[in-house]
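First the structure, in the form of structure tokens, and then the observations on it.
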Amino acid sequence: MSVRRPAVLPLAVILVYAGLLAPLVVVIGVSFNAATGFDFPPRGLSLRWYSNFFTKTSFVDAFFRVSLLIGILAALGATLLGAFAAIGLVRFRFVGRDSLEAFFLMPLLVPHILLGAALYLYYARLGMKSSLLTIVLAHLVIATPYVIRSVTAGLVGIDPRLEEAAMSLGASHAQAFRKVTLPLLRSSLLSGAIFSFIISFSDINLSLFLSGPGMTTLPVHIFSEIQWGGDPTIAAASALQIVIVGLLILIVQRFFRLRLMI
Amino acid sequence: MQRSIDRPLWALFVGPYGVYLVILLVVPLVNIAVYSVYTYSPTKIAVPDLTAANYARLWDAYYIQLFLRTTKLALVTTVICAVLGYPVAYTLARARPALMSLGLFLLVVPLMVSTVIRVFGWVVILGRNGLVNEVLDLLGLEPFRVMYTETAVVIGLVNIFMPFMVLPMMSAIERIPPSFEEAATNLGANWFQMFARVILPLSYPGLVSGSLLVYSVSLSAFVTPVLMGGARIRVIGSQIFDEVLVSFNWPGASSLALVVIAATTMLVLVALRATRAAARLESRQ
Amino acid sequence: MLSRGAASRELPAIVRMVELEVAGLVKQYSPQVTIGPISFEVTEGEFFSLLGPSGCGKTTTLRCIAGFERPSEGRITLSGRRLDDMPPHRRDVGLVFQNYALFPHLTVFENIAFGLRLRRIGRKEVEERVGRMLELVGLPNLAGRYPPQLSGGQQQRIAIARSLVLEPRLLLFDEPLSNLDFKLRVQMRFELRELQRRLGKTSIYVTHDQTEALALSDRIAVLSQGRIEQIGRPSEIYETPETAFVADFIGSSNILDATVQSKSGVGASVRTGSGLELTVPPVVEEIGSRLLILVRPERIRLVDGREEAVSNRITAEIDDLTYLGEDVQLRVTTAPAAKLLVALKSGKGTRELRRGGSIDLAIDPEDIHVLRK
């Protein structure tokens, strides 16, 4: 207690966090509802919507066959592309480096709904049908900047003299990088990978345009179910997503400064 | 590290993503720029006869109203986020490390959960038989019919985009040494005076970037207005979606999208200039 | 303000008004970490230092007085007013921060005017008072500059001016010179002392630098592990420390563990743990009791061959010799295995000294100080 603060401060904090967390709590509550409505607090507890979720092919497909798979592919691709780009940006000096860095972060500035529309029209012109590939390619655009951010932050935190020390002990430049810098980068790489997975896994704005028959991501499926009324199976699917995202962010926070990601 | 002069090794590293962005971001944007001057045809979608009609159309009363409504919603959302976000950012920035990690976690998890799910939660809370109305009913009060109004959309947007406001503000406030606050207090300022004269001017870049972020994402929001505003509250996002996927007016959608992208980019550039000016002010050498 | 302070300095300490009273101050951070109880009084116009290593509680005490920490127990009274429940912005206590905490978005003028503006003082008066302060600290031409454009010493002076312009009853300094380089630090030390004397402003100064405290203060409180070890004038603290901690913390010292062998009205004889027999001033302890004695290195002197009847004569071997210009510092081992630190003024007698050589030393009994054990 350094300087006495007015009481409106904690009030605003409570209000904001209530607004952030209430929808998540309500969704999880509804997913355990015994009745068929979106009741909160739930009228009796049951796991029927979870069993419903795992028996309905549309949900199972959207979750496992589409969203999870796309998320993993996007995370792998984004990590590869992003790590190379970050190393290039941090460890090399060349003309136009700053502009290139700004260009690399541009996907964060273009509103996703517009990017989705642009990609839809682009694929249409190229005659590409909706597929796993078209969605993964789109997600790579928006996920890679997060990897660039985390790896850049990681690289900046590594003293380049460590590599110089390794080279003075007889390692080549490539060996020094592989044996010294790369192991130190492990946590930033993993954070970047996890974040790009989440970005892909939660994306709705791109997927809305790029999903097609048999290729519906979980958020898009939930979206259309909500529009058609639906039942608490949506809540069960949503609750699963909330838990997955929460756990993943918990992992990131364990070994990486979360704030460097956002 | 400085070996780039003899061999452009850097190109091998930054090249792949650079090329990728050109193919999957720059060319698609050029593509919609091209579509935006094509002629719309109800049967063939777009015919390559160059025209300015798609832009001229944006001056119709319908579109003007669309712009005004969307702008108004985004503006109100931004102001509410700024007013409510500042106390949160300040509290987090000055919290003990453990508390700050928890606060950050509870801020980032909702941000990272799909928008659709969060909006779904709000639909459940505010819906006709939702949580709010159940409580009002228990108290014997009139139901609160808020769903499918602009108020509902603003409630949704504020809660969904709040982290975009708090995070940059928090970083800006964190950079202000706590001794500045104590100095102001020691010189006779109460908390509000201290906040107005020290915290606000010194964290101004955070306010600017937070506001621009919230404003630009609200301007192009889609899921929230569709699910909480319904068919009556049309915004730019839902208009573009319909023109692409429902009415297949691709030239029209392209011109609209391009105008929004241009406006957003301009705002971001202005913001960058403002924050840079503020940074200069801060470290006037 | 000015004249009252100047006049009161001439009066003996007993007659002077107590300006600040800290009584039984306790700050409990956790069951393990407690500061205090700390009690002291500062009289009007006095320059009082809190000296001690980091973690000793000096900064906590200062922050309690400024109102940034809430004491768990005890009371703080400033010219008869209880401060404890007063919010920090109403305390009439100026604080000069370690990092100065000058507002980077405000000019020097606006920094100094900050407190005046909060008090809704008229524009003309603000200009006049800020101008006077800038004159006082010798920087009348910097009003339009921003703090990052100033040197460390200039920032320091502006920070003092910013507090002084409000004419606080009490001025607090939180290690204000520790961010300056050595030369500037010494210069600022003089300026600060001169300014404080001129204004007669009651001041409390927190530092871990003993030289600073000795040079600046009217009185010093030495703190260790949350408690006051001793309060006294600089010479008292240095010459007659009451505890081994104070003796060790201030200056360099030889602290020896000894047993009383015999005693009389004019002195006593002790034997140190290492077997050295020394004559010391009278002691109250009984024969056979153990005590600690302090010998300052610079009080050990060289004996030249012609001297006779020297008490406490010691023959020693030089283990190590460091030439420091003005002084020569020696580590010696005396005949019965006592290790001593010796500082001699460099001169004729020290020229012949060599490592491994032998040396004749003496300690006058009045230069040996017996510590409370």
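In the structure tokens, each chain is lettered A, B, ... as it comes, each chain's residues begin at 1, and ligands are numbered from 1 in order of appearance.
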
At most 12 Å to chain A: residues in chain C, only C-alpha atoms, as a list in words: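 Listing them in order of chain and number gives Thr60, Arg63, Cys64, Ala66, Gly67, Phe68, Glu69, Arg70, Pro71, Asp85, Met86, Pro87, Pro88 and His89 of chain C.
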
Spatial neighbours of Ala239 of chain A, 7 Å, only C-alpha atoms, chain gap at least 6 places, as a VMD selection string: chain A and resid 27 to 28 31

Any chance you could export the current selection's all heavy atoms as a JSON list (two decimals), in the first residue's frame?
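Generated output (again.json):
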[["chain", "number", "residue", "atom", "x", "y", "z"],
["A", 27, "VAL", "N", -21.08, -20.83, -19.97],
["A", 27, "VAL", "CA", -21.02, -21.88, -20.99],
["A", 27, "VAL", "C", -20.71, -23.23, -20.34],
["A", 27, "VAL", "O", -21.35, -24.25, -20.63],
["A", 27, "VAL", "CB", -19.98, -21.54, -22.07],
["A", 27, "VAL", "CG1", -19.65, -22.75, -22.90],
["A", 27, "VAL", "CG2", -20.50, -20.41, -22.95],
["A", 28, "ILE", "N", -19.72, -23.23, -19.44],
["A", 28, "ILE", "CA", -19.35, -24.48, -18.78],
["A", 28, "ILE", "C", -20.53, -24.99, -17.94],
["A", 28, "ILE", "O", -20.84, -26.19, -17.95],
["A", 28, "ILE", "CB", -18.09, -24.29, -17.91],
["A", 28, "ILE", "CG1", -16.89, -24.03, -18.84],
["A", 28, "ILE", "CG2", -17.82, -25.53, -17.05],
["A", 28, "ILE", "CD1", -15.62, -23.66, -18.14],
["A", 31, "SER", "N", -23.17, -26.59, -20.05],
["A", 31, "SER", "CA", -22.78, -27.87, -20.63],
["A", 31, "SER", "C", -23.13, -29.04, -19.70],
["A", 31, "SER", "O", -23.21, -30.17, -20.15],
["A", 31, "SER", "CB", -21.29, -27.87, -20.95],
["A", 31, "SER", "OG", -20.52, -27.99, -19.76]]

Shell around segment 256-261 of chain B at 9 Å using only C-alpha atoms, local window under 4 positions removed, as a list of chain:residue names: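 Answer for this query is A:Val110, A:Pro111, A:Leu114, A:Leu115, A:Ala117, A:Ala118, B:Leu29, B:Ile32, B:Ala33, B:Ser36, B:Asn54, B:Tyr55, B:Leu58, B:Leu219, B:Ser220, B:Ile236, B:Gly237, B:Gln239, B:Ile240, B:Pro251, B:Gly252, B:Thr265, B:Met266.
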
Neighbours of chain A in chain B at 7 Å, counting only C-alpha atoms, as an MDAnalysis selection string: chainID B and resid 1:2 4 10 13:14 16:17 21 28:29 31:32 84 87:88 109:110 112:114 116:118 121:122 124 131 159 182 191 217 220 237 257 261

Residue hits in chain C, query chain B, radius 9 Å, only C-alpha atoms, as a ChimeraX atom specification: /C:66-68,87-97,99-105,114-116,118-119,146-150,162-163,166

Which of segment 103-282 of chain B fall in alpha helix (DSSP H), as JSON, numbers by chain: {"B": [103, 104, 105, 106, 107, 108, 109, 110, 111, 112, 115, 116, 117, 118, 119, 120, 121, 122, 123, 124, 125, 126, 131, 132, 133, 134, 135, 136, 137, 138, 150, 151, 152, 153, 154, 155, 156, 157, 158, 159, 160, 161, 162, 163, 164, 165, 166, 167, 168, 169, 170, 171, 172, 173, 174, 178, 179, 180, 181, 182, 183, 184, 185, 186, 191, 192, 193, 194, 200, 201, 202, 204, 205, 206, 207, 208, 209, 210, 211, 212, 213, 214, 215, 216, 217, 218, 219, 223, 224, 236, 237, 238, 239, 240, 241, 242, 243, 244, 245, 250, 251, 252, 253, 254, 255, 256, 257, 258, 259, 260, 261, 262, 263, 264, 265, 266, 267, 268, 269, 270, 271, 272, 273, 274, 275, 276, 277, 278, 279, 280, 281, 282]}

One-decimal distance in Å that lies between atom CA of Leu292 of chain C and atom CA of Leu256 of chain C: 5.6 Å

Residue contacts of Tyr62 of chain B (12 Å, only C-alpha atoms) excluding same-chain residues fewer than 3 positions away, as a ChimeraX atom specification: /B:57-59,65-69,234-236,239

Strand (DSSP E) per DSSP on the backbone: members of segment 139-300 of chain C, as a PyMOL selection string: chain C and resi 170-174+203-207+219-224+227-232+254-263+268-272+277-280+290-295

Distance in Å - atom CA of Asp304 of chain C versus atom CA of Val280 of chain C: 21.8 Å

Shell around segment 319-333 of chain C at 6 Å using only C-alpha atoms, local window under 2 positions removed, as a PDB file with N, CA, C and O atoms, in the first residue's frame:
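Listed below is the output, selection_37.pdb:
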ATOM      1  N   ALA C 316      55.875  -6.664  15.669  1.00  0.00           N
ATOM      2  CA  ALA C 316      55.070  -7.488  14.751  1.00  0.00           C
ATOM      3  C   ALA C 316      55.796  -7.714  13.441  1.00  0.00           C
ATOM      4  O   ALA C 316      56.751  -7.017  13.099  1.00  0.00           O
ATOM      5  N   GLU C 317      55.288  -8.700  12.715  1.00  0.00           N
ATOM      6  CA  GLU C 317      55.855  -8.983  11.399  1.00  0.00           C
ATOM      7  C   GLU C 317      54.857  -8.489  10.337  1.00  0.00           C
ATOM      8  O   GLU C 317      53.649  -8.644  10.505  1.00  0.00           O
ATOM      9  N   ALA C 337      50.870 -13.961  17.924  1.00  0.00           N
ATOM     10  CA  ALA C 337      49.873 -14.402  16.936  1.00  0.00           C
ATOM     11  C   ALA C 337      48.584 -13.594  16.782  1.00  0.00           C
ATOM     12  O   ALA C 337      47.578 -14.123  16.356  1.00  0.00           O
ATOM     13  N   ALA C 338      48.589 -12.294  17.146  1.00  0.00           N
ATOM     14  CA  ALA C 338      47.387 -11.491  16.891  1.00  0.00           C
ATOM     15  C   ALA C 338      47.509 -10.809  15.532  1.00  0.00           C
ATOM     16  O   ALA C 338      48.577 -10.294  15.183  1.00  0.00           O
ATOM     17  N   LYS C 339      46.425 -10.857  14.755  1.00  0.00           N
ATOM     18  CA  LYS C 339      46.425 -10.184  13.455  1.00  0.00           C
ATOM     19  C   LYS C 339      45.885  -8.772  13.654  1.00  0.00           C
ATOM     20  O   LYS C 339      44.813  -8.597  14.255  1.00  0.00           O
ATOM     21  N   LEU C 340      46.589  -7.777  13.183  1.00  0.00           N
ATOM     22  CA  LEU C 340      46.130  -6.402  13.334  1.00  0.00           C
ATOM     23  C   LEU C 340      46.161  -5.679  11.997  1.00  0.00           C
ATOM     24  O   LEU C 340      46.979  -5.958  11.132  1.00  0.00           O
ATOM     25  N   LEU C 341      45.248  -4.726  11.879  1.00  0.00           N
ATOM     26  CA  LEU C 341      45.212  -3.838  10.724  1.00  0.00           C
ATOM     27  C   LEU C 341      45.803  -2.517  11.198  1.00  0.00           C
ATOM     28  O   LEU C 341      45.399  -1.989  12.238  1.00  0.00           O
ATOM     29  N   VAL C 342      46.784  -1.977  10.463  1.00  0.00           N
ATOM     30  CA  VAL C 342      47.453  -0.761  10.893  1.00  0.00           C
ATOM     31  C   VAL C 342      47.446   0.233   9.739  1.00  0.00           C
ATOM     32  O   VAL C 342      47.700  -0.148   8.601  1.00  0.00           O
ATOM     33  N   ALA C 343      47.128   1.504  10.029  1.00  0.00           N
ATOM     34  CA  ALA C 343      47.213   2.532   9.003  1.00  0.00           C
ATOM     35  C   ALA C 343      48.180   3.602   9.481  1.00  0.00           C
ATOM     36  O   ALA C 343      47.969   4.219  10.522  1.00  0.00           O
ATOM     37  N   LEU C 344      49.268   3.784   8.756  1.00  0.00           N
ATOM     38  CA  LEU C 344      50.277   4.767   9.159  1.00  0.00           C
ATOM     39  C   LEU C 344      50.302   5.894   8.145  1.00  0.00           C
ATOM     40  O   LEU C 344      50.096   5.672   6.947  1.00  0.00           O
ATOM     41  N   LYS C 345      50.510   7.133   8.622  1.00  0.00           N
ATOM     42  CA  LYS C 345      50.725   8.236   7.684  1.00  0.00           C
ATOM     43  C   LYS C 345      52.022   7.957   6.961  1.00  0.00           C
ATOM     44  O   LYS C 345      53.029   7.618   7.581  1.00  0.00           O
ATOM     45  N   SER C 346      52.016   8.096   5.670  1.00  0.00           N
ATOM     46  CA  SER C 346      53.252   7.786   4.960  1.00  0.00           C
ATOM     47  C   SER C 346      54.266   8.907   5.217  1.00  0.00           C
ATOM     48  O   SER C 346      53.890  10.074   5.365  1.00  0.00           O
ATOM     49  N   ARG C 355      57.454  -5.970   3.143  1.00  0.00           N
ATOM     50  CA  ARG C 355      56.701  -7.168   3.480  1.00  0.00           C
ATOM     51  C   ARG C 355      57.640  -8.214   4.064  1.00  0.00           C
ATOM     52  O   ARG C 355      58.761  -8.383   3.575  1.00  0.00           O
ATOM     53  N   GLY C 356      57.253  -8.853   5.133  1.00  0.00           N
ATOM     54  CA  GLY C 356      58.094  -9.846   5.777  1.00  0.00           C
ATOM     55  C   GLY C 356      59.032  -9.247   6.807  1.00  0.00           C
ATOM     56  O   GLY C 356      59.610  -9.957   7.612  1.00  0.00           O
TER      57      GLY C 356
END

Interatomic distance, atom CA of Gly230 of chain A to atom CA of Ile160 of chain B (Å, one decimal):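 Between these atoms lies a distance of 22.5 Å.
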